[in-house]
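Shown here: coords31.cif, mmCIF, C-alpha atoms.
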data_data
#
loop_
_atom_site.label_atom_id
_atom_site.label_comp_id
_atom_site.auth_asym_id
_atom_site.auth_seq_id
_atom_site.Cartn_x
_atom_site.Cartn_y
_atom_site.Cartn_z
CA MET A 1 74.80 98.03 71.04
CA LYS A 2 71.69 97.87 73.23
CA LYS A 3 70.72 100.83 75.36
CA ARG A 4 71.49 99.04 78.62
CA SER A 5 74.91 98.00 77.40
CA PHE A 6 75.63 101.59 76.39
CA VAL A 7 74.53 102.89 79.80
CA LEU A 8 76.73 100.31 81.49
CA LEU A 9 79.72 101.31 79.39
CA VAL A 10 79.24 105.02 80.08
CA SER A 11 78.78 104.39 83.81
CA VAL A 12 81.91 102.28 84.04
CA VAL A 13 83.92 104.92 82.18
CA MET A 14 82.69 107.62 84.56
CA MET A 15 83.47 105.54 87.65
CA GLY A 16 86.84 104.57 86.25
CA SER A 17 87.62 108.21 85.60
CA ILE A 18 86.95 109.03 89.24
CA LEU A 19 89.32 106.36 90.50
CA LEU A 20 91.91 106.65 87.76
CA GLY A 21 91.97 110.41 88.25
CA GLY A 22 94.54 111.07 85.58
CA CYS A 23 94.36 114.86 85.74
CA GLY A 24 94.36 117.73 88.15
CA ALA A 25 96.79 120.25 89.57
CA THR A 26 99.49 118.74 91.78
CA LYS A 27 102.27 120.27 93.85
CA SER A 28 105.92 119.67 93.04
CA SER A 29 108.03 121.06 95.91
CA LEU A 30 108.67 120.33 99.58
CA VAL A 31 107.08 122.53 102.24
CA GLU A 32 108.40 123.22 105.74
CA GLY A 33 106.02 122.75 108.65
CA LYS A 34 103.99 119.96 107.02
CA ILE A 35 104.37 116.25 106.47
CA ASN A 36 105.78 115.95 102.96
CA VAL A 37 104.43 112.96 101.08
CA VAL A 38 105.53 111.90 97.59
CA THR A 39 103.14 109.68 95.62
CA SER A 40 104.02 107.74 92.48
CA PHE A 41 100.90 108.66 90.48
CA TYR A 42 97.60 110.53 90.68
CA PRO A 43 95.14 108.12 92.38
CA LEU A 44 97.53 107.75 95.31
CA TYR A 45 98.02 111.53 95.35
CA ASP A 46 94.27 112.04 95.52
CA PHE A 47 93.76 109.50 98.34
CA THR A 48 96.68 110.93 100.32
CA ARG A 49 95.48 114.50 99.91
CA LYS A 50 91.98 113.58 101.09
CA ILE A 51 93.23 111.64 104.12
CA GLY A 52 96.06 114.00 105.04
CA GLY A 53 94.07 117.20 104.70
CA GLU A 54 95.75 120.37 105.91
CA HIS A 55 98.54 118.50 107.69
CA VAL A 56 100.28 117.20 104.58
CA ASN A 57 101.97 118.53 101.48
CA VAL A 58 101.56 115.96 98.73
CA ILE A 59 103.86 115.82 95.71
CA ASN A 60 102.74 113.73 92.74
CA LEU A 61 105.49 112.33 90.53
CA VAL A 62 103.76 111.47 87.24
CA PRO A 63 102.41 114.69 85.65
CA ALA A 64 98.97 114.98 84.05
CA GLY A 65 98.71 113.44 80.60
CA VAL A 66 101.75 111.19 81.04
CA GLU A 67 101.43 107.40 80.88
CA PRO A 68 102.45 106.13 84.37
CA HIS A 69 103.44 102.69 83.06
CA ASP A 70 106.37 104.13 81.12
CA TRP A 71 107.35 107.06 83.34
CA ALA A 72 110.73 107.15 85.08
CA PRO A 73 111.88 109.60 87.80
CA LYS A 74 114.40 112.38 87.20
CA SER A 75 117.09 113.51 89.64
CA THR A 76 114.80 116.22 91.07
CA ASP A 77 112.12 113.62 91.70
CA MET A 78 114.59 111.39 93.53
CA LYS A 79 115.67 114.34 95.65
CA ASN A 80 112.07 115.09 96.66
CA ILE A 81 111.43 111.47 97.61
CA THR A 82 114.54 111.10 99.76
CA LYS A 83 113.82 114.35 101.63
CA ALA A 84 110.13 113.61 102.21
CA GLU A 85 108.71 111.92 105.30
CA VAL A 86 106.52 109.46 103.39
CA PHE A 87 106.69 107.85 99.95
CA VAL A 88 103.55 106.11 98.67
CA TYR A 89 103.76 103.79 95.66
CA ASN A 90 101.29 101.30 94.22
CA GLY A 91 103.49 98.20 94.06
CA ALA A 92 102.45 94.88 92.49
CA GLY A 93 104.93 95.56 89.70
CA PHE A 94 103.35 98.83 88.57
CA GLU A 95 106.39 101.07 89.12
CA GLY A 96 109.36 99.26 87.62
CA TRP A 97 111.89 101.69 89.09
CA VAL A 98 110.84 101.55 92.76
CA ASP A 99 112.67 98.40 93.86
CA ASP A 100 116.06 99.71 92.74
CA PHE A 101 115.33 103.07 94.36
CA LEU A 102 114.45 101.53 97.73
CA LYS A 103 117.54 99.31 97.66
CA GLY A 104 119.67 102.39 97.06
CA LEU A 105 118.40 104.32 100.10
CA GLU A 106 120.90 105.13 102.83
CA LYS A 107 120.68 102.81 105.83
CA ASP A 108 119.91 105.74 108.12
CA SER A 109 117.13 107.06 105.89
CA LYS A 110 114.00 108.07 107.81
CA LEU A 111 111.77 107.85 104.75
CA GLU A 112 108.61 105.83 105.37
CA ALA A 113 107.98 103.95 102.12
CA ILE A 114 104.56 102.33 101.86
CA GLU A 115 103.37 99.88 99.20
CA ALA A 116 99.73 100.93 98.91
CA SER A 117 98.57 97.64 97.38
CA ARG A 118 99.90 95.63 100.33
CA GLY A 119 97.14 93.38 101.65
CA VAL A 120 95.09 93.39 98.44
CA GLU A 121 94.46 89.93 97.00
CA LEU A 122 96.24 90.32 93.68
CA ILE A 123 94.96 88.88 90.41
CA ASP A 124 97.38 86.64 88.56
CA ALA A 125 98.02 88.28 85.20
CA THR A 126 98.83 84.93 83.62
CA GLU A 127 95.41 83.58 84.60
CA GLU A 128 93.76 86.66 83.09
CA GLU A 129 95.54 86.04 79.80
CA HIS A 130 94.43 82.40 79.78
CA GLU A 131 90.83 83.45 80.40
CA GLU A 132 90.97 85.88 77.49
CA GLU A 133 92.38 83.18 75.23
CA GLY A 134 89.45 80.98 76.22
CA HIS A 135 86.98 83.72 75.25
CA GLU A 136 88.67 84.09 71.88
CA GLU A 137 88.22 80.37 71.22
CA GLU A 138 84.50 80.94 71.80
CA GLY A 139 84.47 83.62 69.11
CA GLU A 140 85.09 86.74 71.19
CA ASN A 141 88.15 88.49 69.77
CA HIS A 142 89.02 90.79 72.68
CA ALA A 143 92.12 92.11 70.96
CA GLU A 144 89.98 93.60 68.21
CA GLU A 145 87.72 95.16 70.84
CA GLY A 146 90.69 96.83 72.53
CA ASN A 147 90.62 94.64 75.63
CA GLY A 148 93.61 92.40 74.89
CA HIS A 149 96.91 92.54 76.75
CA GLU A 150 98.93 92.36 73.55
CA GLU A 151 97.36 95.51 72.18
CA ASP A 152 97.50 97.65 75.30
CA GLY A 153 101.15 96.76 75.79
CA ASP A 154 101.02 95.97 79.51
CA ASP A 155 103.79 93.77 80.89
CA HIS A 156 103.90 94.22 84.66
CA GLY A 157 104.98 90.69 85.56
CA GLN A 158 103.05 88.06 87.45
CA TYR A 159 100.25 90.23 88.85
CA ASP A 160 97.72 92.73 87.54
CA PRO A 161 98.67 95.97 89.38
CA HIS A 162 95.53 98.01 88.60
CA VAL A 163 94.08 97.56 92.09
CA TRP A 164 92.92 101.16 92.53
CA VAL A 165 90.15 100.96 89.91
CA SER A 166 88.02 98.83 92.25
CA PRO A 167 86.37 100.83 95.05
CA LEU A 168 86.75 97.84 97.39
CA SER A 169 90.45 97.43 96.68
CA ALA A 170 90.88 101.19 96.88
CA LYS A 171 89.68 101.01 100.49
CA LYS A 172 92.74 98.90 101.35
CA LEU A 173 95.01 101.39 99.60
CA ALA A 174 93.42 104.18 101.64
CA GLU A 175 93.94 102.23 104.87
CA ASN A 176 97.62 101.71 104.14
CA ILE A 177 98.06 105.40 103.37
CA LYS A 178 96.28 106.36 106.59
CA MET A 179 98.51 104.11 108.68
CA ALA A 180 101.64 105.55 107.05
CA LEU A 181 100.52 109.10 107.82
CA ILE A 182 99.73 108.21 111.43
CA LYS A 183 103.16 106.61 111.84
CA ALA A 184 104.82 109.74 110.49
CA ASP A 185 102.61 112.18 112.43
CA THR A 186 100.95 110.64 115.49
CA ALA A 187 99.88 114.05 116.79
CA ASN A 188 97.21 114.33 114.10
CA GLU A 189 96.01 110.73 114.16
CA ALA A 190 92.42 111.72 114.93
CA ASP A 191 92.20 113.94 111.85
CA TYR A 192 93.69 111.28 109.60
CA GLU A 193 91.24 108.72 110.92
CA ALA A 194 88.25 111.04 110.41
CA ASN A 195 89.30 111.95 106.86
CA TYR A 196 89.89 108.29 106.09
CA GLN A 197 86.40 107.37 107.25
CA GLU A 198 84.91 110.06 104.97
CA LEU A 199 86.79 108.61 102.00
CA ILE A 200 85.65 105.08 102.84
CA VAL A 201 82.02 106.20 102.80
CA LYS A 202 82.49 107.69 99.31
CA LEU A 203 84.15 104.50 98.05
CA ASP A 204 81.33 102.37 99.47
CA VAL A 205 78.74 104.56 97.74
CA LEU A 206 80.66 104.28 94.46
CA SER A 207 80.82 100.48 94.83
CA GLU A 208 77.07 100.23 95.38
CA LYS A 209 76.39 102.42 92.33
CA PHE A 210 78.55 100.17 90.21
CA LYS A 211 76.75 97.04 91.45
CA ALA A 212 73.37 98.64 90.74
CA VAL A 213 74.36 99.54 87.17
CA VAL A 214 75.70 96.06 86.46
CA ALA A 215 72.61 94.39 87.94
CA LYS A 216 70.34 96.26 85.51
CA SER A 217 72.32 95.22 82.45
CA ALA A 218 71.36 92.12 80.49
CA ARG A 219 74.95 91.76 79.23
CA LYS A 220 78.05 91.90 81.42
CA ASP A 221 80.65 92.37 78.66
CA ILE A 222 82.46 95.68 78.95
CA ILE A 223 84.62 97.04 76.14
CA VAL A 224 87.55 99.16 77.37
CA SER A 225 90.58 100.74 75.74
CA HIS A 226 93.00 99.43 78.37
CA GLY A 227 93.06 96.07 80.18
CA ALA A 228 92.93 97.63 83.64
CA PHE A 229 89.55 96.69 85.07
CA GLY A 230 90.06 93.11 86.24
CA TYR A 231 89.56 94.01 89.91
CA MET A 232 86.07 95.35 89.22
#
Could you render the structure as structure tokens?
Amino acid sequence: MKKRSFVLLVSVVMMGSILLGGCGATKSSLVEGKINVVTSFYPLYDFTRKIGGEHVNVINLVPAGVEPHDWAPKSTDMKNITKAEVFVYNGAGFEGWVDDFLKGLEKDSKLEAIEASRGVELIDATEEEHEEEGHEEEGENHAEEGNGHEEDGDDHGQYDPHVWVSPLSAKKLAENIKMALIKADTANEADYEANYQELIVKLDVLSEKFKAVVAKSARKDIIVSHGAFGYM
């Protein structure tokens, strides 16, 4: 592997780690006197915590080190969600259990459920698979490289749900989270807006760094262990 290709790979892994954010201490109980927000997995927890600041108590459902694709909520998790003011989930088929949960909510429930990926132009997973098959016909066996859908075991349905790994798509997720917090707590709208703008600046900087790294690389092929970077 050439030096530039190696630098590109390392840079992408580092950037992906920032957005994937699969680790870190998270809270697990409701708190009186704050807006309680339950998020389905860590990236949404991180965005919500940054935007909400001191006004929110954020509970993350999927614990560190657990694969979010296969995770399912327990009774205590369901209890936290129903008693919270806001529930943030990714959508686009990522959380297979959410639709049934939302349908089962009481009609008088005051829970504000927000699909964070709403408004993002989703990538058709079927088209991605066809593109990969085309590359294989040209001699690029992505499955052997660890970039094939069959090997990573993803089956989310029609769309690729990994919208958060792109800084530009992540900005839309952040906007949706901000609007949900403002709806639940209008008194602190100014703080939510200011925190949101700070996060947007960081995402823009990250996007420009990624573009700069890619521009310097002679090759654009990126080998990954999980087919989750289509939105980049």
For Ile51 in chain A, please output as a PyMOL selection string all residues within 6 Å (counting all atoms listed in the file; exclusion window: fewer than 5 positions along the same chain).
chain A and resi 192+195-196
Provide an axis-aligned box for all listed atoms of range 53-71 of chain A, padding each side by 4 Å; report its centre and its edge lengths in Å to one decimal, as lines of an AutoDock Vina configuration file.
center_x = 100.7
center_y = 111.5
center_z = 94.1
size_x = 21.3
size_y = 25.7
size_z = 35.1
Do you know which residues the PyMOL selection byres ((chain A and resi 112-115) around 12) returns on this file, as a PyMOL selection string?
chain A and resi 35-40+44+48+81-95+98-99+101-103+105+108-111+116-120+161+163+172-185
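Our summary of the geometry notes that CA of Glu67 in chain A is positioned 19.0 Å from CA of Gly230 in chain A.
Residues in contact with Gln197 in chain A at 12 Å, where only C-alpha atoms are counted and same-chain residues fewer than 3 positions away are skipped, are listed as A:Phe47, A:Lys50, A:Ile51, A:Gly52, A:Lys171, A:Ala174, A:Glu175, A:Lys178, A:Ala190, A:Asp191, A:Tyr192, A:Glu193, A:Ala194, A:Ile200, A:Val201, A:Lys202, A:Leu203, A:Asp204.
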What's the separation between CA of Ala187 in chain A and CA of Leu61 in chain A, in Å to one decimal place?
26.9 Å
Would you compute the distance between CA of Lys216 in chain A and CA of Ile123 in chain A? Give it in Å to one decimal.
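Result for CA of Lys216 in chain A versus CA of Ile123 in chain A: 26.2 Å, one decimal.
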Spell out the residues picked by the PyMOL selection byres ((chain A and resi 73) around 12) here, as a short mmCIF file (atom, residue, chain, number, x, y, z; two decimals) with C-alpha atoms, keeping the file's coordinate frame.
data_model
loop_
_atom_site.label_atom_id
_atom_site.label_comp_id
_atom_site.auth_asym_id
_atom_site.auth_seq_id
_atom_site.Cartn_x
_atom_site.Cartn_y
_atom_site.Cartn_z
CA VAL A 38 105.53 111.90 97.59
CA THR A 39 103.14 109.68 95.62
CA SER A 40 104.02 107.74 92.48
CA PHE A 41 100.90 108.66 90.48
CA ASN A 60 102.74 113.73 92.74
CA LEU A 61 105.49 112.33 90.53
CA VAL A 62 103.76 111.47 87.24
CA PRO A 63 102.41 114.69 85.65
CA PRO A 68 102.45 106.13 84.37
CA HIS A 69 103.44 102.69 83.06
CA ASP A 70 106.37 104.13 81.12
CA TRP A 71 107.35 107.06 83.34
CA ALA A 72 110.73 107.15 85.08
CA LYS A 74 114.40 112.38 87.20
CA SER A 75 117.09 113.51 89.64
CA THR A 76 114.80 116.22 91.07
CA ASP A 77 112.12 113.62 91.70
CA MET A 78 114.59 111.39 93.53
CA LYS A 79 115.67 114.34 95.65
CA ASN A 80 112.07 115.09 96.66
CA ILE A 81 111.43 111.47 97.61
CA GLU A 95 106.39 101.07 89.12
CA GLY A 96 109.36 99.26 87.62
CA TRP A 97 111.89 101.69 89.09
CA VAL A 98 110.84 101.55 92.76
CA ASP A 100 116.06 99.71 92.74
CA PHE A 101 115.33 103.07 94.36
#
Could you give me, as a ChimeraX atom specification, the residues that have an atom at most 7 Å away from the point (101.6, 119.5, 105.1) in the coordinates of the file, using only C-alpha atoms?
/A:31,33-36,54-57
